[in-house]
$ cat coords-v3.tsv   # TSV, C-alpha atoms and all ligand atoms
chain	number	residue	atom	x	y	z
V	1	MET	CA	0.00	0.00	0.00
V	2	LYS	CA	2.83	2.39	0.88
V	3	ASN	CA	4.21	1.73	-2.58
V	4	GLN	CA	0.92	2.61	-4.23
V	5	LYS	CA	0.68	5.88	-2.33
V	6	THR	CA	4.23	6.81	-3.35
V	7	ASN	CA	3.43	5.92	-6.96
V	8	TRP	CA	0.28	8.03	-6.83
V	9	LEU	CA	2.19	11.04	-5.50
V	10	LEU	CA	4.89	10.60	-8.14
V	11	ASP	CA	2.25	10.34	-10.91
V	12	VAL	CA	0.56	13.54	-9.71
V	13	LEU	CA	3.93	15.33	-9.53
V	14	ILE	CA	4.87	14.23	-13.06
V	15	LEU	CA	1.54	15.31	-14.51
V	16	SER	CA	1.56	18.66	-12.66
V	17	GLY	CA	5.15	19.41	-13.70
V	18	PHE	CA	4.30	18.45	-17.26
V	19	LEU	CA	1.29	20.80	-17.31
V	20	VAL	CA	3.23	23.69	-15.75
V	21	SER	CA	5.89	23.27	-18.48
V	22	PHE	CA	3.32	24.59	-20.97
V	23	PHE	CA	3.23	27.95	-19.18
V	24	LEU	CA	6.61	29.29	-20.20
V	25	ASN	CA	5.21	32.81	-19.95
V	26	LEU	CA	4.65	32.26	-16.20
V	27	THR	CA	7.74	30.22	-15.27
V	28	GLY	CA	10.38	31.92	-17.40
V	29	LEU	CA	12.89	29.98	-19.50
V	30	ALA	CA	15.38	29.04	-16.75
V	31	VAL	CA	12.70	27.36	-14.58
V	32	HIS	CA	11.12	25.82	-17.70
V	33	GLN	CA	14.34	24.06	-18.68
V	34	TRP	CA	15.04	22.66	-15.20
V	35	LEU	CA	11.40	21.68	-14.73
V	36	GLY	CA	11.45	19.84	-18.08
V	37	VAL	CA	14.50	17.84	-17.00
V	38	ALA	CA	12.90	17.12	-13.59
V	39	VAL	CA	9.75	15.80	-15.31
V	40	PHE	CA	11.91	13.52	-17.44
V	41	LEU	CA	13.75	12.20	-14.36
V	42	GLY	CA	10.33	11.61	-12.74
V	43	ILE	CA	9.35	9.54	-15.78
V	44	VAL	CA	12.53	7.46	-15.44
V	45	LEU	CA	11.67	6.80	-11.78
V	46	HIS	CA	8.06	5.96	-12.75
V	47	LEU	CA	9.37	3.46	-15.31
V	48	VAL	CA	11.76	1.90	-12.79
V	49	ASN	CA	8.80	1.46	-10.36
V	50	HIS	CA	6.92	-0.48	-13.05
V	51	TRP	CA	9.91	-2.34	-14.41
V	52	SER	CA	8.63	-5.83	-13.47
V	53	TRP	CA	5.41	-5.07	-15.41
V	54	VAL	CA	7.41	-3.88	-18.41
V	55	LYS	CA	9.58	-7.03	-18.36
V	56	SER	CA	6.65	-9.42	-18.08
V	57	VAL	CA	4.56	-7.73	-20.79
V	58	PHE	CA	7.37	-7.25	-23.30
V	59	SER	CA	8.58	-10.83	-22.92
V	60	ARG	CA	5.08	-12.01	-23.91
V	61	PHE	CA	4.12	-9.12	-26.23
V	62	PHE	CA	4.27	-11.14	-29.47
V	63	LYS	CA	3.16	-14.39	-27.85
V	64	LYS	CA	0.29	-14.73	-25.43
V	65	THR	CA	-0.82	-11.64	-23.58
V	66	SER	CA	-4.12	-9.79	-23.18
V	67	ALA	CA	-5.24	-7.12	-25.66
V	68	ARG	CA	-5.52	-4.74	-22.72
V	69	ALA	CA	-1.87	-5.21	-21.72
V	70	ARG	CA	-0.86	-4.65	-25.37
V	71	VAL	CA	-2.79	-1.36	-25.53
V	72	TYR	CA	-1.22	-0.21	-22.24
V	73	ALA	CA	2.25	-1.13	-23.47
V	74	LEU	CA	1.69	0.67	-26.78
V	75	ILE	CA	0.54	3.86	-25.04
V	76	ASP	CA	3.45	3.70	-22.59
V	77	GLY	CA	5.89	3.20	-25.48
V	78	LEU	CA	4.47	6.18	-27.39
V	79	LEU	CA	4.55	8.30	-24.23
V	80	LEU	CA	8.19	7.44	-23.65
V	81	TYR	CA	8.99	8.30	-27.27
V	82	GLY	CA	7.17	11.64	-26.83
V	83	PHE	CA	9.12	12.53	-23.69
V	84	VAL	CA	12.44	11.63	-25.34
V	85	MET	CA	11.53	13.91	-28.29
V	86	ILE	CA	10.60	16.78	-25.95
V	87	LEU	CA	13.84	16.43	-24.00
V	88	GLU	CA	16.01	16.09	-27.09
V	89	THR	CA	14.50	19.07	-28.96
V	90	GLY	CA	14.41	21.08	-25.71
V	91	LEU	CA	18.14	20.53	-25.16
V	92	VAL	CA	18.94	21.43	-28.77
V	93	ILE	CA	17.15	24.82	-28.51
V	94	SER	CA	18.11	25.40	-24.88
V	95	THR	CA	20.13	28.37	-23.67
V	96	TRP	CA	22.47	25.87	-21.96
V	97	PHE	CA	24.15	24.88	-25.21
V	98	ASN	CA	23.25	28.03	-27.16
V	99	LEU	CA	23.69	26.18	-30.45
V	100	ASN	CA	23.88	28.35	-33.54
V	101	LEU	CA	20.90	26.87	-35.38
V	102	SER	CA	19.79	27.99	-38.83
V	103	ASN	CA	16.50	26.09	-38.41
V	104	TYR	CA	15.68	27.07	-34.82
V	105	GLU	CA	11.96	27.45	-35.61
V	106	VAL	CA	11.72	23.88	-36.92
V	107	TRP	CA	13.21	22.50	-33.67
V	108	LEU	CA	10.90	24.70	-31.60
V	109	ASP	CA	7.91	23.57	-33.68
V	110	ILE	CA	8.80	19.89	-33.10
V	111	HIS	CA	9.31	20.66	-29.39
V	112	ILE	CA	5.85	22.21	-29.10
V	113	TYR	CA	3.99	19.68	-31.28
V	114	SER	CA	5.54	16.69	-29.47
V	115	SER	CA	4.58	18.32	-26.13
V	116	ILE	CA	0.96	18.65	-27.25
V	117	ALA	CA	0.78	15.10	-28.68
V	118	THR	CA	2.38	13.64	-25.53
V	119	LEU	CA	-0.04	15.53	-23.30
V	120	LEU	CA	-3.02	14.17	-25.25
V	121	LEU	CA	-1.62	10.64	-24.81
V	122	ALA	CA	-1.14	11.26	-21.09
V	123	VAL	CA	-4.83	12.24	-20.84
V	124	VAL	CA	-5.78	8.93	-22.51
V	125	LYS	CA	-3.53	7.11	-20.06
V	126	VAL	CA	-5.12	8.82	-17.05
V	127	GLY	CA	-8.49	7.77	-18.53
V	128	LEU	CA	-7.32	4.13	-18.62
V	129	HIS	CA	-6.10	4.22	-15.01
V	130	TRP	CA	-8.83	6.40	-13.49
V	131	ARG	CA	-10.16	3.67	-11.15
V	132	TRP	CA	-6.71	3.12	-9.60
V	133	ILE	CA	-6.18	6.89	-9.34
V	134	VAL	CA	-9.51	7.46	-7.54
V	135	LYS	CA	-9.15	4.44	-5.22
V	136	THR	CA	-5.60	5.35	-4.20
V	137	ALA	CA	-6.58	9.01	-3.69
V	138	ALA	CA	-9.40	7.85	-1.39
V	139	LYS	CA	-6.91	5.75	0.63
V	140	ILE	CA	-4.56	8.73	0.97
V	141	PHE	CA	-7.12	11.40	1.83
V	142	LYS	CA	-9.79	9.30	3.60
V	143	PRO	CA	-7.87	6.52	5.34
V	144	GLU	CA	-10.08	3.85	6.89
V	145	PRO	CA	-10.02	3.72	10.75
V	146	LYS	CA	-7.52	1.09	11.92
V	147	GLN	CA	-9.67	-0.23	14.78
V	148	ALA	CA	-13.44	-0.26	15.15
V	149	PRO	CA	-14.67	1.43	18.37
V	150	GLN	CA	-15.22	-1.12	21.19
V	151	GLY	CA	-18.44	-3.05	21.02
V	152	LEU	CA	-19.09	-2.06	17.42
V	153	THR	CA	-18.70	-4.50	14.63
V	154	THR	CA	-18.20	-2.82	11.28
V	155	ALA	CA	-18.70	-4.38	7.94
V	156	PRO	CA	-15.53	-4.22	5.86
V	157	GLN	CA	-15.66	-1.06	3.74
V	158	MET	CA	-15.72	-1.67	0.03
V	159	SER	CA	-13.93	1.17	-1.73
V	160	THR	CA	-16.20	1.76	-4.67
V	161	VAL	CA	-15.80	4.28	-7.44
V	162	SER	CA	-18.65	6.08	-9.13
V	163	ARG	CA	-19.32	7.75	-12.47
V	164	ARG	CA	-19.01	11.04	-10.63
V	165	ASP	CA	-15.41	10.18	-9.60
V	166	PHE	CA	-14.59	9.47	-13.23
V	167	LEU	CA	-16.08	12.82	-14.33
V	168	VAL	CA	-14.22	14.73	-11.60
V	169	THR	CA	-10.85	13.07	-12.43
V	170	MET	CA	-11.18	13.51	-16.18
V	171	GLY	CA	-12.67	16.99	-15.76
V	172	LEU	CA	-9.66	18.18	-13.73
V	173	VAL	CA	-7.09	16.63	-16.07
V	174	GLY	CA	-9.05	17.68	-19.18
V	175	VAL	CA	-9.44	21.31	-18.12
V	176	GLY	CA	-5.76	21.52	-17.08
V	177	SER	CA	-4.66	20.09	-20.42
V	178	ALA	CA	-7.01	22.30	-22.44
V	179	LEU	CA	-5.64	25.39	-20.65
V	180	ALA	CA	-2.05	24.22	-21.23
V	181	ILE	CA	-2.58	23.60	-24.95
V	182	SER	CA	-4.53	26.81	-25.51
V	183	ASN	CA	-1.68	28.71	-23.84
V	184	VAL	CA	0.83	27.57	-26.50
V	185	LEU	CA	-1.36	27.84	-29.62
V	186	PRO	CA	-0.64	31.58	-30.05
V	187	SER	CA	3.10	30.78	-29.81
V	188	LEU	CA	2.78	28.27	-32.65
V	189	LYS	CA	1.18	30.94	-34.85
V	190	LYS	CA	3.88	33.44	-33.89
V	191	VAL	CA	6.63	30.91	-34.62
V	192	SER	CA	5.37	30.44	-38.18
V	193	ALA	CA	4.89	34.22	-38.55
V	194	SER	CA	8.44	34.91	-37.39
V	195	THR	CA	9.74	32.21	-39.76
V	196	GLU	CA	8.04	34.04	-42.65
V	197	ILE	CA	9.46	37.37	-41.53
V	198	ALA	CA	12.93	35.86	-41.14
V	199	GLU	CA	12.68	34.38	-44.66
V	200	ASN	CA	11.53	37.74	-46.05
V	201	THR	CA	14.29	39.44	-44.12
V	202	ASP	CA	16.87	37.18	-45.70
V	203	ALA	CA	15.47	37.99	-49.13
V	204	THR	CA	15.23	41.75	-48.71
V	205	VAL	CA	17.91	42.72	-46.27
V	206	ASN	CA	20.32	45.30	-47.70
V	207	THR	CA	17.98	45.87	-50.63
V	208	ALA	CA	15.00	47.20	-48.68
V	209	GLN	CA	14.89	50.96	-49.12
V	210	PRO	CA	11.44	52.00	-47.95
V	211	THR	CA	10.01	55.12	-49.50
V	212	ALA	CA	8.81	57.99	-47.33
V	213	GLU	CA	5.23	56.70	-47.61
V	214	SER	CA	6.06	53.07	-46.95
V	215	THR	CA	7.97	53.66	-43.74
V	216	GLN	CA	4.74	53.65	-41.75
V	217	VAL	CA	3.09	50.67	-43.39
V	218	GLN	CA	2.50	47.78	-41.06
V	219	THR	CA	2.27	44.15	-42.16
V	220	ALA	CA	-0.28	41.79	-40.64
V	221	ASP	CA	2.40	40.06	-38.59
V	222	ALA	CA	4.22	43.16	-37.48
V	223	VAL	CA	3.27	45.16	-34.43
V	224	LEU	CA	3.31	48.93	-34.40
V	225	MET	CA	5.12	49.85	-31.21
V	226	ASP	CA	5.54	53.61	-31.57
V	227	ALA	CA	2.40	55.12	-33.04
V	228	PRO	CA	3.35	57.39	-35.95
V	229	THR	CA	2.17	60.96	-35.73
V	230	THR	CA	1.17	61.09	-39.40
V	231	VAL	CA	-1.46	58.91	-41.01
V	232	PRO	CA	-0.20	56.84	-43.94
V	233	THR	CA	-1.43	58.13	-47.28
V	234	ALA	CA	-3.70	56.10	-49.50
V	235	THR	CA	-0.85	55.77	-51.98
V	236	ALA	CA	1.33	53.89	-49.52
V	237	GLN	CA	2.74	50.95	-51.45
V	238	PRO	CA	5.67	49.30	-49.75
V	239	THR	CA	8.41	48.58	-52.23
V	240	ALA	CA	9.75	45.79	-50.05
V	241	VAL	CA	8.61	43.77	-47.08
V	242	PRO	CA	9.66	45.64	-43.93
V	243	THR	CA	12.46	43.95	-42.08
V	244	ALA	CA	13.05	43.48	-38.39
V	245	ILE	CA	16.34	45.29	-38.71
V	246	PRO	CA	15.87	49.01	-38.20
V	247	THR	CA	17.56	51.37	-40.58
V	248	ALA	CA	17.75	55.14	-40.57
V	249	GLN	CA	14.78	55.17	-42.97
V	250	ASN	CA	12.36	52.97	-41.04
V	251	SER	CA	13.31	54.02	-37.54
V	252	LEU	CA	9.82	55.45	-36.91
V	253	VAL	CA	8.22	52.04	-37.07
V	254	CYS	CA	8.99	49.03	-34.95
V	255	TYR	CA	8.32	45.62	-36.41
V	256	ALA	CA	8.27	43.34	-33.42
V	257	ALA	CA	8.81	39.83	-34.77
V	258	CYS	CA	9.83	38.27	-31.48
V	259	PRO	CA	7.30	35.55	-30.56
V	260	ARG	CA	7.93	36.36	-26.91
V	261	GLY	CA	7.25	40.06	-27.51
V	262	ARG	CA	10.48	40.99	-25.74
V	263	HIS	CA	13.26	43.44	-26.32
V	264	CYS	CA	16.14	41.20	-25.34
V	265	SER	CA	19.54	42.66	-24.77
V	266	PHE	CA	22.78	40.67	-24.86
V	267	PRO	CA	23.03	37.70	-24.18
V	268	GLY	CA	19.31	37.32	-24.89
V	269	GLN	CA	16.75	35.06	-23.31
V	270	CYS	CA	16.24	32.52	-26.05
V	271	GLY	CA	18.12	30.77	-28.84
V	272	ARG	CA	16.72	33.11	-31.48
V	273	TYR	CA	18.76	36.07	-30.24
V	274	THR	CA	20.50	37.79	-33.14
V	275	ASP	CA	22.15	41.19	-33.20
V	276	SER	CA	23.14	41.97	-36.77
V	277	ASN	CA	23.71	45.70	-36.14
V	278	SER	CA	25.72	45.04	-32.95
V	279	ASN	CA	23.76	47.43	-30.76
V	280	GLY	CA	23.31	44.90	-27.95
V	281	LYS	CA	19.57	44.42	-28.66
V	282	CYS	CA	17.91	41.46	-30.33
V	283	ASP	CA	16.90	42.25	-33.92
V	284	LEU	CA	13.57	40.49	-33.45
V	285	GLY	CA	12.27	42.87	-30.81
V	286	GLU	CA	14.11	46.03	-31.71
V	287	CYS	CA	12.60	49.48	-32.02
V	288	GLY	CA	14.23	52.32	-33.83
B	1	LIG	C1	2.42	12.28	-17.83
B	1	LIG	C2	2.93	11.10	-17.88
B	1	LIG	C3	2.42	9.86	-17.17
B	1	LIG	C4	1.43	9.71	-16.25
B	1	LIG	C5	0.53	10.78	-15.66
B	1	LIG	C6	1.38	8.30	-15.90
B	1	LIG	C7	0.49	7.73	-15.01
B	1	LIG	C8	0.41	6.39	-14.73
B	1	LIG	C9	-0.55	5.79	-13.86
B	1	LIG	C10	-1.65	6.54	-13.12
B	1	LIG	C11	-0.30	4.46	-13.81
B	1	LIG	C12	-1.04	3.38	-13.02
B	1	LIG	C13	-0.74	3.40	-11.60
B	1	LIG	C14	0.68	3.33	-11.10
B	1	LIG	O1	1.42	4.32	-11.17
B	1	LIG	O2	1.07	2.27	-10.59
B	1	LIG	C15	0.82	4.20	-14.68
B	1	LIG	C16	1.35	2.97	-14.93
B	1	LIG	C17	2.41	2.73	-15.75
B	1	LIG	N1	3.15	3.68	-16.42
B	1	LIG	FE1	2.76	5.63	-16.51
B	1	LIG	N2	2.35	7.64	-16.62
B	1	LIG	C18	2.99	8.55	-17.41
B	1	LIG	C19	4.01	8.32	-18.28
B	1	LIG	C20	4.61	7.10	-18.47
B	1	LIG	C21	5.73	6.86	-19.34
B	1	LIG	C22	6.43	7.91	-20.22
B	1	LIG	C23	6.03	5.57	-19.23
B	1	LIG	C24	7.17	4.94	-19.98
B	1	LIG	C25	7.17	3.89	-20.62
B	1	LIG	C26	5.11	4.95	-18.30
B	1	LIG	C27	5.07	3.63	-17.93
B	1	LIG	C28	4.15	3.04	-17.11
B	1	LIG	C29	4.04	1.62	-16.87
B	1	LIG	C30	4.96	0.56	-17.46
B	1	LIG	C31	2.96	1.42	-16.03
B	1	LIG	C32	2.41	0.08	-15.52
B	1	LIG	C33	1.63	-0.53	-16.64
B	1	LIG	C34	0.46	0.25	-17.10
B	1	LIG	O3	-0.58	0.14	-16.43
B	1	LIG	O4	0.55	0.98	-18.11
B	1	LIG	N3	4.24	5.92	-17.84
B	1	LIG	N4	1.24	5.40	-15.20
B	2	LIG	C1	8.04	18.46	-19.73
B	2	LIG	C2	8.76	18.80	-20.70
B	2	LIG	C3	8.59	20.03	-21.56
B	2	LIG	C4	7.46	20.57	-22.11
B	2	LIG	C5	6.03	20.08	-21.98
B	2	LIG	C6	7.87	21.73	-22.87
B	2	LIG	C7	7.02	22.53	-23.59
B	2	LIG	C8	7.39	23.70	-24.23
B	2	LIG	C9	6.50	24.57	-24.92
B	2	LIG	C10	4.99	24.33	-25.05
B	2	LIG	C11	7.22	25.62	-25.40
B	2	LIG	C12	6.69	26.83	-26.16
B	2	LIG	C13	6.14	27.75	-25.12
B	2	LIG	C14	5.69	29.08	-25.61
B	2	LIG	O1	6.23	29.57	-26.61
B	2	LIG	O2	4.78	29.64	-24.97
B	2	LIG	C15	8.60	25.40	-25.04
B	2	LIG	C16	9.64	26.23	-25.35
B	2	LIG	C17	10.94	25.97	-25.03
B	2	LIG	N1	11.41	24.93	-24.29
B	2	LIG	FE1	10.35	23.40	-23.55
B	2	LIG	N2	9.23	21.88	-22.76
B	2	LIG	C18	9.71	20.86	-21.97
B	2	LIG	C19	11.00	20.63	-21.61
B	2	LIG	C20	12.08	21.41	-22.01
B	2	LIG	C21	13.46	21.13	-21.70
B	2	LIG	C22	13.94	19.91	-20.90
B	2	LIG	C23	14.19	22.12	-22.26
B	2	LIG	C24	15.68	22.32	-22.26
B	2	LIG	C25	16.50	21.86	-21.38
B	2	LIG	C26	13.28	23.05	-22.89
B	2	LIG	C27	13.65	24.20	-23.55
B	2	LIG	C28	12.78	25.04	-24.19
B	2	LIG	C29	13.21	26.23	-24.90
B	2	LIG	C30	14.65	26.73	-25.06
B	2	LIG	C31	12.05	26.81	-25.43
B	2	LIG	C32	11.99	27.98	-26.38
B	2	LIG	C33	11.87	29.33	-25.82
B	2	LIG	C34	11.68	30.29	-26.97
B	2	LIG	O3	12.52	30.38	-27.84
B	2	LIG	O4	10.65	30.90	-27.02
B	2	LIG	N3	12.01	22.57	-22.73
B	2	LIG	N4	8.67	24.23	-24.33

$ encode --input "coords-v3.tsv" --output "structure tokens" --more "lines below"
Ligand code: HEM
Ligand code: HEM
Amino acid sequence: MKNQKTNWLLDVLILSGFLVSFFLNLTGLAVHQWLGVAVFLGIVLHLVNHWSWVKSVFSRFFKKTSARARVYALIDGLLLYGFVMILETGLVISTWFNLNLSNYEVWLDIHIYSSIATLLLAVVKVGLHWRWIVKTAAKIFKPEPKQAPQGLTTAPQMSTVSRRDFLVTMGLVGVGSALAISNVLPSLKKVSASTEIAENTDATVNTAQPTAESTQVQTADAVLMDAPTTVPTATAQPTAVPTAIPTAQNSLVCYAACPRGRHCSFPGQCGRYTDSNSNGKCDLGECG
């Protein structure tokens, strides 16, 4: 029983840490990276705790074992694969190694998509184990009295689980996961937007010479940080896509392409930090 309680606590810790990892805007990058590693170590411990199950199922996987055990093993295998992907891509884009990546956005995309897919699998897994989760929670929070009061004979208590318990468990995990996923969806859109801007930047940098009218034109993805005092004329036709790199000509307008909406200064707070004009500020969040 002690073992089950410890397993329950570890499972709750893993799931909570996993969910919190989706709120990078609240934790900050340093905590996010350490938390991600801690969740992975928790998974390793979780796997060690169930090692005898793993050995017995995998030795019989292709021979004689129940369909249920096969489904569990498949989900566990996919979950493990998902966590390895998250850790691997996380380390590649991490500030710890500060790798000079030309395809940073692709790694970040894989990092985010594998996090979402793994979370959805984890929800399925909680659904498969909900009875054990509810029963063990009841033993932890409502322990049965050790001795019946003198003179009273009590019938042994059957720990039963109801439909309501299922709805409460899945409701809590479902709402937590929905909040976590909805928190990163805007980042995914911004990542693809910043990839487009970066590609356009590559194509137009050094050639972009905005005209007087076009200096105040804003693209759909760009954010106007300093409101211009003059209204753009109807004839405004940008001759080139505005870049994130401010020049003397477009200094009135700030095209914030940083998905984190920051104005990082050296050494930056993420792997996308670039400073092509060597002014100590990240090009992606720079204002003229
Ligand atoms: C968010 C991630 C995860 C959660 C919330 C979770 C939760 C659970 C729960 C509630 C159980 C049943 C009760 C118990 O702990 O004894 C369980 C069992 C198990 N878990 Fe996980 N788990 C997760 C990830 C993983 C991963 C990545 C693996 C790696 C292979 C894994 C392997 C196992 C195994 C082998 C069992 C026993 C067999 C089974 O019923 O599936 N789990 N897990
Ligand atoms: C439980 C595991 C993890 C999950 C669920 C997770 C999830 C995420 C998500 C959803 C984002 C995008 C957040 C946003 O833009 O709002 C992100 C970004 C990031 N994660 Fe993780 N992560 C995990 C572990 C790690 C680890 C272990 C590392 C590195 C050691 C790491 C490094 C990063 C970095 C560097 C970013 C990018 C920050 C940026 O450029 O905006 N993550 N992660």

$ residues_near_ligand --input "coords-v3.tsv" --ligand "ligand LIG 1 (chain B)" --cutoff "8 Å" --atoms "all atoms listed in the file" --output "ChimeraX atom specification"
/V:4,7-8,10-12,14-15,18,43-44,46-47,49-51,53-54,69,72-73,75-83,118-119,122-123,125-126,129-130,132-133

$ closest_atom_pairs --input "coords-v3.tsv" --of "chain V" --to "ligand LIG 2 (chain B)" --cutoff "7 Å" --atoms "all atoms listed in the file" --output "Markdown table"
| residue | atom | partner | partner_atom | distance |
| --- | --- | --- | --- | --- |
| V:Gly17 | CA | B:LIG2 | C1 | 6.8 |
| V:Phe18 | CA | B:LIG2 | C1 | 4.5 |
| V:Leu19 | CA | B:LIG2 | C5 | 6.7 |
| V:Ser21 | CA | B:LIG2 | C5 | 4.7 |
| V:Phe22 | CA | B:LIG2 | C10 | 4.4 |
| V:Phe23 | CA | B:LIG2 | O2 | 6.2 |
| V:Leu24 | CA | B:LIG2 | O2 | 5.1 |
| V:Asn25 | CA | B:LIG2 | O2 | 6.0 |
| V:Leu29 | CA | B:LIG2 | C33 | 6.4 |
| V:His32 | CA | B:LIG2 | N3 | 6.1 |
| V:Gln33 | CA | B:LIG2 | C23 | 4.1 |
| V:Trp34 | CA | B:LIG2 | C25 | 6.4 |
| V:Leu35 | CA | B:LIG2 | C1 | 6.8 |
| V:Gly36 | CA | B:LIG2 | C19 | 3.6 |
| V:Val37 | CA | B:LIG2 | C22 | 4.5 |
| V:Val39 | CA | B:LIG2 | C1 | 5.4 |
| V:Phe40 | CA | B:LIG2 | C1 | 6.7 |
| V:Phe83 | CA | B:LIG2 | C2 | 7.0 |
| V:Ile86 | CA | B:LIG2 | C18 | 5.8 |
| V:Leu87 | CA | B:LIG2 | C22 | 4.7 |
| V:Gly90 | CA | B:LIG2 | C23 | 3.6 |
| V:Leu91 | CA | B:LIG2 | C24 | 4.2 |
| V:Ile93 | CA | B:LIG2 | C30 | 4.7 |
| V:Ser94 | CA | B:LIG2 | C30 | 3.7 |
| V:Thr95 | CA | B:LIG2 | C30 | 5.9 |
| V:Leu108 | CA | B:LIG2 | C32 | 6.3 |
| V:His111 | CA | B:LIG2 | N4 | 6.2 |
| V:Ile112 | CA | B:LIG2 | C10 | 4.7 |
| V:Ser115 | CA | B:LIG2 | C5 | 4.7 |
| V:Asn183 | CA | B:LIG2 | O2 | 6.6 |
| V:Val184 | CA | B:LIG2 | O2 | 4.7 |
| V:Ser187 | CA | B:LIG2 | O1 | 4.6 |
| V:Pro259 | CA | B:LIG2 | O4 | 6.7 |
| V:Arg260 | CA | B:LIG2 | O4 | 6.1 |
| V:Cys270 | CA | B:LIG2 | O3 | 4.6 |
| V:Gly271 | CA | B:LIG2 | O3 | 5.7 |
| V:Arg272 | CA | B:LIG2 | O3 | 6.2 |

$ atom_distance --input "coords-v3.tsv" --atom1 "atom CA of V:Tyr273" --atom2 "atom CA of V:Glu105"
12.2 Å

$ atom_distance --input "coords-v3.tsv" --atom1 "atom CA of V:Val175" --atom2 "atom CA of V:Val20"
13.1 Å

$ atom_distance --input "coords-v3.tsv" --atom1 "atom CA of V:Ala180" --atom2 "atom CA of V:Leu120"
10.9 Å

$ closest_residue --input "coords-v3.tsv" --among "V:Thr136, V:Leu26, V:Asn277, V:Leu188" --to "V:Asp109" --atoms "only C-alpha atoms"
V:Leu188

$ residues_around --input "coords-v3.tsv" --residues "stretch 162-170 of chain V" --least-positions-apart "3" --cutoff "7 Å" --atoms "only C-alpha atoms" --output "PyMOL selection string"
chain V and resi 127+130+134+173-174

$ write_last_selection --input "coords-v3.tsv" --atoms "C-alpha atoms" --output "compact mmCIF listing (two decimals), in the frame of the given file"
# COMPACT_ATOMS: atom_id res chain seq x y z
CA GLY V 127 -8.49 7.77 -18.53
CA TRP V 130 -8.83 6.40 -13.49
CA VAL V 134 -9.51 7.46 -7.54
CA VAL V 173 -7.09 16.63 -16.07
CA GLY V 174 -9.05 17.68 -19.18

$ closest_residue --input "coords-v3.tsv" --among "V:Ser102, V:Ser56, V:Thr27, V:Thr160" --to "V:Arg131" --atoms "only C-alpha atoms"
V:Thr160

$ residues_near_point --input "coords-v3.tsv" --point "(17.9, 21.4, -34.6)" --cutoff "8 Å" --atoms "all atoms listed in the file" --output "list in words"
Thr89, Val92, Ile93, Leu101, Asn103, Tyr104, Val106 and Trp107 of chain V

$ residues_near_point --input "coords-v3.tsv" --point "(24.3, 45.7, -26.3)" --cutoff "7 Å" --atoms "only C-alpha atoms" --output "count of residues only"
6

$ axis_aligned_box --input "coords-v3.tsv" --around "stretch 271-280 of chain V" --padding-each-side "8 Å" --output "JSON"
{"center_x": 21.2, "center_y": 39.1, "center_z": -32.4, "size_x": 25.0, "size_y": 32.7, "size_z": 24.8}

$ decode --input "coords-v3.tsv" --residues "stretch 123-142 of chain V" --atoms "C-alpha atoms" --output "compact mmCIF listing (two decimals), in the first residue's frame"
# COMPACT_ATOMS: atom_id res chain seq x y z
CA VAL V 123 -4.83 12.24 -20.84
CA VAL V 124 -5.78 8.93 -22.51
CA LYS V 125 -3.53 7.11 -20.06
CA VAL V 126 -5.12 8.82 -17.05
CA GLY V 127 -8.49 7.77 -18.53
CA LEU V 128 -7.32 4.13 -18.62
CA HIS V 129 -6.10 4.22 -15.01
CA TRP V 130 -8.83 6.40 -13.49
CA ARG V 131 -10.16 3.67 -11.15
CA TRP V 132 -6.71 3.12 -9.60
CA ILE V 133 -6.18 6.89 -9.34
CA VAL V 134 -9.51 7.46 -7.54
CA LYS V 135 -9.15 4.44 -5.22
CA THR V 136 -5.60 5.35 -4.20
CA ALA V 137 -6.58 9.01 -3.69
CA ALA V 138 -9.40 7.85 -1.39
CA LYS V 139 -6.91 5.75 0.63
CA ILE V 140 -4.56 8.73 0.97
CA PHE V 141 -7.12 11.40 1.83
CA LYS V 142 -9.79 9.30 3.60
